[in-house]
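Structure file work.pdb (PDB, C-alpha atoms and all ligand atoms) is printed below.
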```
ATOM      1  CA  MET A   1      71.657 115.682  81.879  1.00  0.00           C
ATOM      2  CA  ASN A   2      73.332 118.410  79.872  1.00  0.00           C
ATOM      3  CA  ASP A   3      71.782 118.655  76.384  1.00  0.00           C
ATOM      4  CA  GLN A   4      73.676 121.695  75.100  1.00  0.00           C
ATOM      5  CA  ARG A   5      77.251 120.433  75.001  1.00  0.00           C
ATOM      6  CA  GLN A   6      79.106 117.157  74.679  1.00  0.00           C
ATOM      7  CA  HIS A   7      78.568 114.849  77.590  1.00  0.00           C
ATOM      8  CA  HIS A   8      81.828 113.664  79.137  1.00  0.00           C
ATOM      9  CA  ILE A   9      82.321 110.404  80.998  1.00  0.00           C
ATOM     10  CA  LEU A  10      85.185 109.610  83.357  1.00  0.00           C
ATOM     11  CA  ARG A  11      85.724 105.893  83.911  1.00  0.00           C
ATOM     12  CA  ILE A  12      87.949 105.024  86.863  1.00  0.00           C
ATOM     13  CA  ASP A  13      89.094 101.441  87.373  1.00  0.00           C
ATOM     14  CA  SER A  14      90.934 100.112  90.396  1.00  0.00           C
ATOM     15  CA  SER A  15      91.118  96.363  89.868  1.00  0.00           C
ATOM     16  CA  MET A  16      94.537  94.831  90.490  1.00  0.00           C
ATOM     17  CA  PHE A  17      93.744  92.599  87.495  1.00  0.00           C
ATOM     18  CA  GLY A  18      93.576  95.555  85.128  1.00  0.00           C
ATOM     19  CA  ASP A  19      91.079  95.192  82.295  1.00  0.00           C
ATOM     20  CA  LYS A  20      90.573  91.521  83.212  1.00  0.00           C
ATOM     21  CA  GLY A  21      89.016  92.413  86.564  1.00  0.00           C
ATOM     22  CA  VAL A  22      85.287  91.778  86.854  1.00  0.00           C
ATOM     23  CA  SER A  23      84.670  95.399  87.866  1.00  0.00           C
ATOM     24  CA  ALA A  24      86.677  96.696  84.896  1.00  0.00           C
ATOM     25  CA  THR A  25      84.890  94.335  82.493  1.00  0.00           C
ATOM     26  CA  LEU A  26      81.529  95.633  83.708  1.00  0.00           C
ATOM     27  CA  SER A  27      82.585  99.288  83.787  1.00  0.00           C
ATOM     28  CA  ASN A  28      83.870  98.922  80.232  1.00  0.00           C
ATOM     29  CA  ALA A  29      80.624  97.357  79.031  1.00  0.00           C
ATOM     30  CA  PHE A  30      78.607 100.071  80.782  1.00  0.00           C
ATOM     31  CA  ALA A  31      80.718 102.851  79.261  1.00  0.00           C
ATOM     32  CA  GLU A  32      80.309 101.252  75.818  1.00  0.00           C
ATOM     33  CA  GLN A  33      76.539 101.172  76.335  1.00  0.00           C
ATOM     34  CA  LEU A  34      76.474 104.854  77.275  1.00  0.00           C
ATOM     35  CA  LEU A  35      78.582 105.756  74.244  1.00  0.00           C
ATOM     36  CA  ALA A  36      76.311 103.726  71.968  1.00  0.00           C
ATOM     37  CA  LEU A  37      73.277 105.600  73.282  1.00  0.00           C
ATOM     38  CA  ASP A  38      74.880 109.000  72.776  1.00  0.00           C
ATOM     39  CA  HIS A  39      77.511 109.030  70.028  1.00  0.00           C
ATOM     40  CA  THR A  40      78.528 112.583  70.864  1.00  0.00           C
ATOM     41  CA  SER A  41      79.684 111.604  74.357  1.00  0.00           C
ATOM     42  CA  THR A  42      83.392 111.489  75.059  1.00  0.00           C
ATOM     43  CA  ILE A  43      85.283 109.411  77.594  1.00  0.00           C
ATOM     44  CA  THR A  44      88.458 109.474  79.671  1.00  0.00           C
ATOM     45  CA  HIS A  45      89.658 106.179  81.098  1.00  0.00           C
ATOM     46  CA  ARG A  46      91.763 106.403  84.241  1.00  0.00           C
ATOM     47  CA  GLU A  47      93.133 102.985  85.110  1.00  0.00           C
ATOM     48  CA  LEU A  48      94.626 103.359  88.558  1.00  0.00           C
ATOM     49  CA  ILE A  49      96.954 100.346  88.483  1.00  0.00           C
ATOM     50  CA  HIS A  50      98.691 102.012  85.550  1.00  0.00           C
ATOM     51  CA  THR A  51      98.849 105.372  87.297  1.00  0.00           C
ATOM     52  CA  GLU A  52     101.672 105.835  89.772  1.00  0.00           C
ATOM     53  CA  ILE A  53      99.782 107.682  92.496  1.00  0.00           C
ATOM     54  CA  PRO A  54     102.030 108.156  95.515  1.00  0.00           C
ATOM     55  CA  HIS A  55     100.719 107.796  99.047  1.00  0.00           C
ATOM     56  CA  PHE A  56      99.475 111.193 100.112  1.00  0.00           C
ATOM     57  CA  GLY A  57     101.992 112.792 102.478  1.00  0.00           C
ATOM     58  CA  THR A  58     103.955 115.918 103.230  1.00  0.00           C
ATOM     59  CA  GLU A  59     105.735 115.767  99.863  1.00  0.00           C
ATOM     60  CA  THR A  60     102.419 116.079  98.048  1.00  0.00           C
ATOM     61  CA  ILE A  61     101.254 118.822 100.421  1.00  0.00           C
ATOM     62  CA  SER A  62     104.452 120.781  99.654  1.00  0.00           C
ATOM     63  CA  ALA A  63     103.997 120.156  95.921  1.00  0.00           C
ATOM     64  CA  ILE A  64     100.430 121.499  96.085  1.00  0.00           C
ATOM     65  CA  ALA A  65     101.590 124.552  98.061  1.00  0.00           C
ATOM     66  CA  GLY A  66     104.307 125.174  95.456  1.00  0.00           C
ATOM     67  CA  GLY A  67     101.940 124.712  92.520  1.00  0.00           C
ATOM     68  CA  LYS A  68     103.858 121.628  91.385  1.00  0.00           C
ATOM     69  CA  ALA A  69     101.379 118.817  92.010  1.00  0.00           C
ATOM     70  CA  GLU A  70     100.886 117.983  88.326  1.00  0.00           C
ATOM     71  CA  LEU A  71      99.376 114.526  88.823  1.00  0.00           C
ATOM     72  CA  SER A  72      96.924 115.667  91.521  1.00  0.00           C
ATOM     73  CA  ASP A  73      96.000 118.659  89.358  1.00  0.00           C
ATOM     74  CA  GLN A  74      95.363 116.405  86.393  1.00  0.00           C
ATOM     75  CA  LEU A  75      93.256 113.939  88.411  1.00  0.00           C
ATOM     76  CA  ILE A  76      91.162 116.805  89.764  1.00  0.00           C
ATOM     77  CA  GLN A  77      90.736 118.294  86.296  1.00  0.00           C
ATOM     78  CA  GLU A  78      89.509 114.946  84.975  1.00  0.00           C
ATOM     79  CA  VAL A  79      86.737 114.886  87.575  1.00  0.00           C
ATOM     80  CA  GLN A  80      85.859 118.560  87.104  1.00  0.00           C
ATOM     81  CA  GLN A  81      85.451 118.020  83.354  1.00  0.00           C
ATOM     82  CA  ALA A  82      83.241 114.948  83.725  1.00  0.00           C
ATOM     83  CA  ASP A  83      79.451 114.927  83.736  1.00  0.00           C
ATOM     84  CA  THR A  84      79.346 111.250  84.672  1.00  0.00           C
ATOM     85  CA  LEU A  85      81.723 109.097  86.687  1.00  0.00           C
ATOM     86  CA  ILE A  86      81.879 105.320  86.472  1.00  0.00           C
ATOM     87  CA  ILE A  87      83.943 103.873  89.308  1.00  0.00           C
ATOM     88  CA  GLY A  88      85.027 100.235  89.263  1.00  0.00           C
ATOM     89  CA  ALA A  89      85.462  99.439  92.951  1.00  0.00           C
ATOM     90  CA  PRO A  90      86.455  95.871  93.812  1.00  0.00           C
ATOM     91  CA  MET A  91      86.396  94.937  97.481  1.00  0.00           C
ATOM     92  CA  TYR A  92      89.856  94.030  98.753  1.00  0.00           C
ATOM     93  CA  ASN A  93      90.136  93.202 102.450  1.00  0.00           C
ATOM     94  CA  PHE A  94      86.722  94.702 103.210  1.00  0.00           C
ATOM     95  CA  GLY A  95      87.492  98.079 101.673  1.00  0.00           C
ATOM     96  CA  VAL A  96      88.490  99.826  98.465  1.00  0.00           C
ATOM     97  CA  ALA A  97      91.739  99.122  96.592  1.00  0.00           C
ATOM     98  CA  SER A  98      94.568 101.204  98.040  1.00  0.00           C
ATOM     99  CA  GLU A  99      94.952 102.848  94.604  1.00  0.00           C
ATOM    100  CA  LEU A 100      91.369 104.109  94.797  1.00  0.00           C
ATOM    101  CA  LYS A 101      91.955 105.441  98.314  1.00  0.00           C
ATOM    102  CA  ALA A 102      95.085 107.220  97.032  1.00  0.00           C
ATOM    103  CA  TRP A 103      93.069 108.682  94.138  1.00  0.00           C
ATOM    104  CA  PHE A 104      90.566 110.186  96.600  1.00  0.00           C
ATOM    105  CA  ASP A 105      93.428 111.502  98.749  1.00  0.00           C
ATOM    106  CA  HIS A 106      94.760 113.353  95.712  1.00  0.00           C
ATOM    107  CA  ILE A 107      91.467 114.796  94.484  1.00  0.00           C
ATOM    108  CA  ALA A 108      90.246 116.012  97.897  1.00  0.00           C
ATOM    109  CA  ARG A 109      91.688 119.513  97.907  1.00  0.00           C
ATOM    110  CA  ALA A 110      90.466 122.410 100.063  1.00  0.00           C
ATOM    111  CA  LYS A 111      89.116 125.391  98.095  1.00  0.00           C
ATOM    112  CA  VAL A 112      89.173 123.327  94.874  1.00  0.00           C
ATOM    113  CA  THR A 113      87.000 120.237  95.349  1.00  0.00           C
ATOM    114  CA  PHE A 114      85.581 121.129  98.775  1.00  0.00           C
ATOM    115  CA  ARG A 115      85.575 124.127 101.079  1.00  0.00           C
ATOM    116  CA  TYR A 116      84.834 124.699 104.719  1.00  0.00           C
ATOM    117  CA  SER A 117      81.953 126.924 105.749  1.00  0.00           C
ATOM    118  CA  SER A 118      80.447 127.875 109.109  1.00  0.00           C
ATOM    119  CA  GLU A 119      77.918 125.074 108.523  1.00  0.00           C
ATOM    120  CA  GLY A 120      80.580 122.485 107.786  1.00  0.00           C
ATOM    121  CA  PRO A 121      82.303 121.231 104.632  1.00  0.00           C
ATOM    122  CA  VAL A 122      80.783 121.992 101.235  1.00  0.00           C
ATOM    123  CA  GLY A 123      81.554 119.750  98.258  1.00  0.00           C
ATOM    124  CA  LEU A 124      82.410 121.576  95.045  1.00  0.00           C
ATOM    125  CA  LEU A 125      82.184 118.725  92.506  1.00  0.00           C
ATOM    126  CA  THR A 126      78.455 119.143  92.033  1.00  0.00           C
ATOM    127  CA  GLY A 127      76.028 118.272  89.236  1.00  0.00           C
ATOM    128  CA  LYS A 128      77.549 114.913  88.299  1.00  0.00           C
ATOM    129  CA  LYS A 129      76.129 111.429  88.227  1.00  0.00           C
ATOM    130  CA  VAL A 130      78.231 108.636  89.747  1.00  0.00           C
ATOM    131  CA  TYR A 131      77.918 104.904  89.157  1.00  0.00           C
ATOM    132  CA  VAL A 132      79.922 102.650  91.473  1.00  0.00           C
ATOM    133  CA  ILE A 133      80.333  99.063  90.293  1.00  0.00           C
ATOM    134  CA  THR A 134      81.528  97.126  93.295  1.00  0.00           C
ATOM    135  CA  THR A 135      82.624  93.488  92.967  1.00  0.00           C
ATOM    136  CA  ARG A 136      83.066  91.087  95.877  1.00  0.00           C
ATOM    137  CA  GLY A 137      83.997  87.459  96.436  1.00  0.00           C
ATOM    138  CA  GLY A 138      81.407  87.095  99.223  1.00  0.00           C
ATOM    139  CA  TYR A 139      78.192  88.806 100.305  1.00  0.00           C
ATOM    140  CA  HIS A 140      78.570  92.041 102.266  1.00  0.00           C
ATOM    141  CA  GLN A 141      75.852  94.437 101.096  1.00  0.00           C
ATOM    142  CA  ASP A 142      74.092  95.993 104.129  1.00  0.00           C
ATOM    143  CA  LYS A 143      76.319  94.056 106.529  1.00  0.00           C
ATOM    144  CA  PRO A 144      78.925  95.403 108.966  1.00  0.00           C
ATOM    145  CA  SER A 145      81.603  93.675 106.872  1.00  0.00           C
ATOM    146  CA  ASP A 146      80.973  96.149 104.012  1.00  0.00           C
ATOM    147  CA  GLY A 147      83.579  98.782 104.776  1.00  0.00           C
ATOM    148  CA  LEU A 148      83.595  99.944 101.155  1.00  0.00           C
ATOM    149  CA  THR A 149      80.097 101.404 100.766  1.00  0.00           C
ATOM    150  CA  PRO A 150      80.190 103.709 103.837  1.00  0.00           C
ATOM    151  CA  PHE A 151      83.633 105.000 102.869  1.00  0.00           C
ATOM    152  CA  LEU A 152      82.705 105.695  99.252  1.00  0.00           C
ATOM    153  CA  SER A 153      79.333 107.231 100.177  1.00  0.00           C
ATOM    154  CA  ALA A 154      80.923 109.586 102.715  1.00  0.00           C
ATOM    155  CA  MET A 155      83.858 110.506 100.499  1.00  0.00           C
ATOM    156  CA  LEU A 156      81.762 111.172  97.395  1.00  0.00           C
ATOM    157  CA  ASP A 157      79.213 113.171  99.371  1.00  0.00           C
ATOM    158  CA  PHE A 158      82.003 115.214 100.986  1.00  0.00           C
ATOM    159  CA  LEU A 159      83.168 116.235  97.510  1.00  0.00           C
ATOM    160  CA  GLY A 160      79.643 117.190  96.406  1.00  0.00           C
ATOM    161  CA  LEU A 161      79.081 113.988  94.421  1.00  0.00           C
ATOM    162  CA  ASP A 162      75.691 113.241  95.916  1.00  0.00           C
ATOM    163  CA  ASP A 163      73.936 111.516  93.006  1.00  0.00           C
ATOM    164  CA  VAL A 164      75.406 108.034  93.398  1.00  0.00           C
ATOM    165  CA  GLU A 165      74.156 104.635  92.299  1.00  0.00           C
ATOM    166  CA  PHE A 166      75.833 101.510  93.670  1.00  0.00           C
ATOM    167  CA  ILE A 167      75.739  98.343  91.570  1.00  0.00           C
ATOM    168  CA  TYR A 168      76.668  95.309  93.681  1.00  0.00           C
ATOM    169  CA  VAL A 169      78.241  92.238  92.114  1.00  0.00           C
ATOM    170  CA  GLU A 170      78.594  89.784  94.967  1.00  0.00           C
ATOM    171  CA  GLY A 171      79.279  86.114  95.595  1.00  0.00           C
ATOM    172  CA  LEU A 172      81.902  85.938  92.851  1.00  0.00           C
ATOM    173  CA  HIS A 173      84.016  83.385  94.732  1.00  0.00           C
ATOM    174  CA  LEU A 174      81.186  81.159  95.895  1.00  0.00           C
ATOM    175  CA  GLY A 175      80.916  78.932  92.872  1.00  0.00           C
ATOM    176  CA  GLU A 176      80.541  79.429  89.147  1.00  0.00           C
ATOM    177  CA  GLU A 177      76.749  79.469  89.167  1.00  0.00           C
ATOM    178  CA  GLN A 178      76.483  82.192  91.834  1.00  0.00           C
ATOM    179  CA  ALA A 179      79.094  84.282  90.038  1.00  0.00           C
ATOM    180  CA  LYS A 180      77.246  83.903  86.722  1.00  0.00           C
ATOM    181  CA  VAL A 181      73.900  84.914  88.229  1.00  0.00           C
ATOM    182  CA  SER A 182      75.462  87.887  90.003  1.00  0.00           C
ATOM    183  CA  ILE A 183      77.195  89.160  86.848  1.00  0.00           C
ATOM    184  CA  GLU A 184      74.023  88.693  84.797  1.00  0.00           C
ATOM    185  CA  ARG A 185      71.983  90.615  87.356  1.00  0.00           C
ATOM    186  CA  ALA A 186      74.513  93.465  87.402  1.00  0.00           C
ATOM    187  CA  THR A 187      74.600  93.537  83.598  1.00  0.00           C
ATOM    188  CA  ASN A 188      70.807  93.906  83.478  1.00  0.00           C
ATOM    189  CA  THR A 189      70.905  96.642  86.131  1.00  0.00           C
ATOM    190  CA  LEU A 190      73.555  98.499  84.153  1.00  0.00           C
ATOM    191  CA  THR A 191      71.608  98.187  80.895  1.00  0.00           C
ATOM    192  CA  ALA A 192      68.558  99.705  82.598  1.00  0.00           C
ATOM    193  CA  ALA A 193      70.747 102.429  84.147  1.00  0.00           C
ATOM    194  CA  ALA A 194      72.237 103.302  80.736  1.00  0.00           C
ATOM    195  CA  GLN A 195      68.771 103.642  79.215  1.00  0.00           C
ATOM    196  CA  GLN A 196      67.695 105.877  82.072  1.00  0.00           C
ATOM    197  CA  HIS A 197      70.850 107.927  81.722  1.00  0.00           C
ATOM    198  CA  TYR A 198      70.197 108.714  78.060  1.00  0.00           C
ATOM    199  CA  PRO A 199      66.480 108.146  77.540  1.00  0.00           C
ATOM    200  CA  GLN A 200      65.811 107.286  73.881  1.00  0.00           C
ATOM    201  CA  PRO A 201      62.556 108.541  72.310  1.00  0.00           C
ATOM    202  CA  GLU A 202      60.751 105.230  72.870  1.00  0.00           C
ATOM    203  CA  HIS A 203      61.689 105.269  76.570  1.00  0.00           C
ATOM    204  CA  ILE A 204      60.359 108.761  77.210  1.00  0.00           C
ATOM    205  CA  SER A 205      56.814 108.554  78.525  1.00  0.00           C
TER
HETATM  206  C1  LIG N   1      93.740  90.676  97.799  1.00  0.00           C
HETATM  207  C2  LIG N   1      92.277  90.378  97.704  1.00  0.00           C
HETATM  208  C3  LIG N   1      91.457  90.685  98.765  1.00  0.00           C
HETATM  209  C4  LIG N   1      90.092  90.399  98.693  1.00  0.00           C
HETATM  210  N1  LIG N   1      89.300  90.704  99.761  1.00  0.00           N
HETATM  211  C5  LIG N   1      87.972  90.422  99.697  1.00  0.00           C
HETATM  212  C6  LIG N   1      87.122  90.736 100.794  1.00  0.00           C
HETATM  213  O1  LIG N   1      87.508  91.311 101.802  1.00  0.00           O
HETATM  214  N2  LIG N   1      85.811  90.375 100.694  1.00  0.00           N
HETATM  215  C7  LIG N   1      85.302  89.764  99.586  1.00  0.00           C
HETATM  216  O2  LIG N   1      84.115  89.477  99.546  1.00  0.00           O
HETATM  217  N3  LIG N   1      86.090  89.490  98.522  1.00  0.00           N
HETATM  218  C8  LIG N   1      87.405  89.796  98.559  1.00  0.00           C
HETATM  219  N4  LIG N   1      88.203  89.527  97.488  1.00  0.00           N
HETATM  220  C9  LIG N   1      87.580  89.017  96.255  1.00  0.00           C
HETATM  221  C10 LIG N   1      87.355  90.143  95.257  1.00  0.00           C
HETATM  222  O3  LIG N   1      86.455  91.097  95.768  1.00  0.00           O
HETATM  223  C11 LIG N   1      86.836  89.553  93.948  1.00  0.00           C
HETATM  224  O4  LIG N   1      87.875  88.766  93.377  1.00  0.00           O
HETATM  225  C12 LIG N   1      86.413  90.620  92.937  1.00  0.00           C
HETATM  226  O5  LIG N   1      86.103  89.987  91.724  1.00  0.00           O
HETATM  227  C13 LIG N   1      87.508  91.602  92.692  1.00  0.00           C
HETATM  228  O6  LIG N   1      87.107  92.512  91.689  1.00  0.00           O
HETATM  229  P1  LIG N   1      87.962  92.637  90.364  1.00  0.00           P
HETATM  230  O7  LIG N   1      87.849  91.315  89.663  1.00  0.00           O
HETATM  231  O8  LIG N   1      87.318  93.742  89.634  1.00  0.00           O
HETATM  232  O9  LIG N   1      89.375  92.936  90.761  1.00  0.00           O
HETATM  233  C14 LIG N   1      89.551  89.801  97.531  1.00  0.00           C
HETATM  234  C15 LIG N   1      90.392  89.518  96.447  1.00  0.00           C
HETATM  235  C16 LIG N   1      91.734  89.800  96.530  1.00  0.00           C
HETATM  236  C17 LIG N   1      92.619  89.498  95.344  1.00  0.00           C
END
```

For the file at hand, write its structure as structure tokens.
Amino acid sequence: MNDQRQHHILRIDSSMFGDKGVSATLSNAFAEQLLALDHTSTITHRELIHTEIPHFGTETISAIAGGKAELSDQLIQEVQQADTLIIGAPMYNFGVASELKAWFDHIARAKVTFRYSSEGPVGLLTGKKVYVITTRGGYHQDKPSDGLTPFLSAMLDFLGLDDVEFIYVEGLHLGEEQAKVSIERATNTLTAAAQQHYPQPEHIS
């Protein structure tokens, strides 16, 4: 982690339920934990359901070519400025929310966030830690029905974001008890991740 300057966190939420979504509730709690462990950290919260991100098409390509893609530019800048990304990624119909897909479409820009080389694509958003909090009604981890993890892993890696931790919160629609256990487990995992992220003196061996 960077010790010399302020650490910046970008929290991206994509729940259709806004801040009431399980993923957003957990991403918020995790961000609060990180901020409590390092008071000098700063945060940007990008809530995608409150961001009108158009489907990526020829209009956006023309806007980029003409230097008039303000929203895409801003979304890219937010990632470039972040040291840590927290992504709330609910599973909807076996994949990511369409808003999150649109966000990736807008931040994937040749020569800015990735470039092509003779050895293949090279991601340019390097040196950042990413936490993905993915919530699901059922159980999909490591099964063919999990279309979200392979997409996010490939997309993040393509952009150079290769230090990624997935936190799975599954079985949320399979009864209150299962949901409670799953949320508790994720909360504990996130608490441990926060302490590892900013080791306090007593945690440094
Ligand atoms: C439109 C819609 C589609 C969903 N599709 C799936 C799915 O394919 N698989 C699954 O396990 N859960 C599915 N769910 C359940 C969500 O993953 C679950 O409600 C989760 O809590 C959503 O995260 P959020 O509360 O952060 O929005 C779906 C929920 C909705 C509303």

- Task: Using all atoms listed in the file, find each residue with an atom at most 9 Å away from ligand LIG 1 (chain N) and format the answer as an MDAnalysis selection string.
- Result: chainID A and resid 13:26 88:95 97 133:140 145:147 169:173

- Task: List every protein, DNA or RNA residue that has at least one atom no more than 10 Å from (81.5, 110.6, 96.1) in the file's coordinates, counting all atoms listed in the file, and write the result as number ranges by chain.
- Result: A: 85, 87, 104, 123, 125-126, 128-132, 151-164

- Query: Contacts of Ser72 of chain A at 12 Å or less, counting all atoms listed in the file, minus same-chain residues fewer than 4 places along, as a PyMOL selection string?
  - Reply: chain A and resi 51-56+60-61+63-65+67-68+76-79+102-109+112-113

- Task: Run through the PyMOL selection byres (((chain A and resi 192-194) around 12) and not hetatm) on the given coordinates and return the selected residues as a VMD selection string.
- Result: chain A and resid 27 29 to 38 84 86 129 to 133 164 to 167 185 to 191 195 to 200 203

- Looking at all atoms listed in the file, which of A:Gly66, A:Pro150, A:Pro201, A:Gly175 is the one that sits closest to Val96 of chain A?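 Distance minimum relative to Val96 of chain A lands on A:Pro150.
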
- Message: Since I can't run it myself right now, could you work out what the PyMOL selection byres (((chain A and resi 7) around 7) and not hetatm) selects here and report it as a PyMOL selection string?
- Response: chain A and resi 2+5-6+8-9+41-42+83
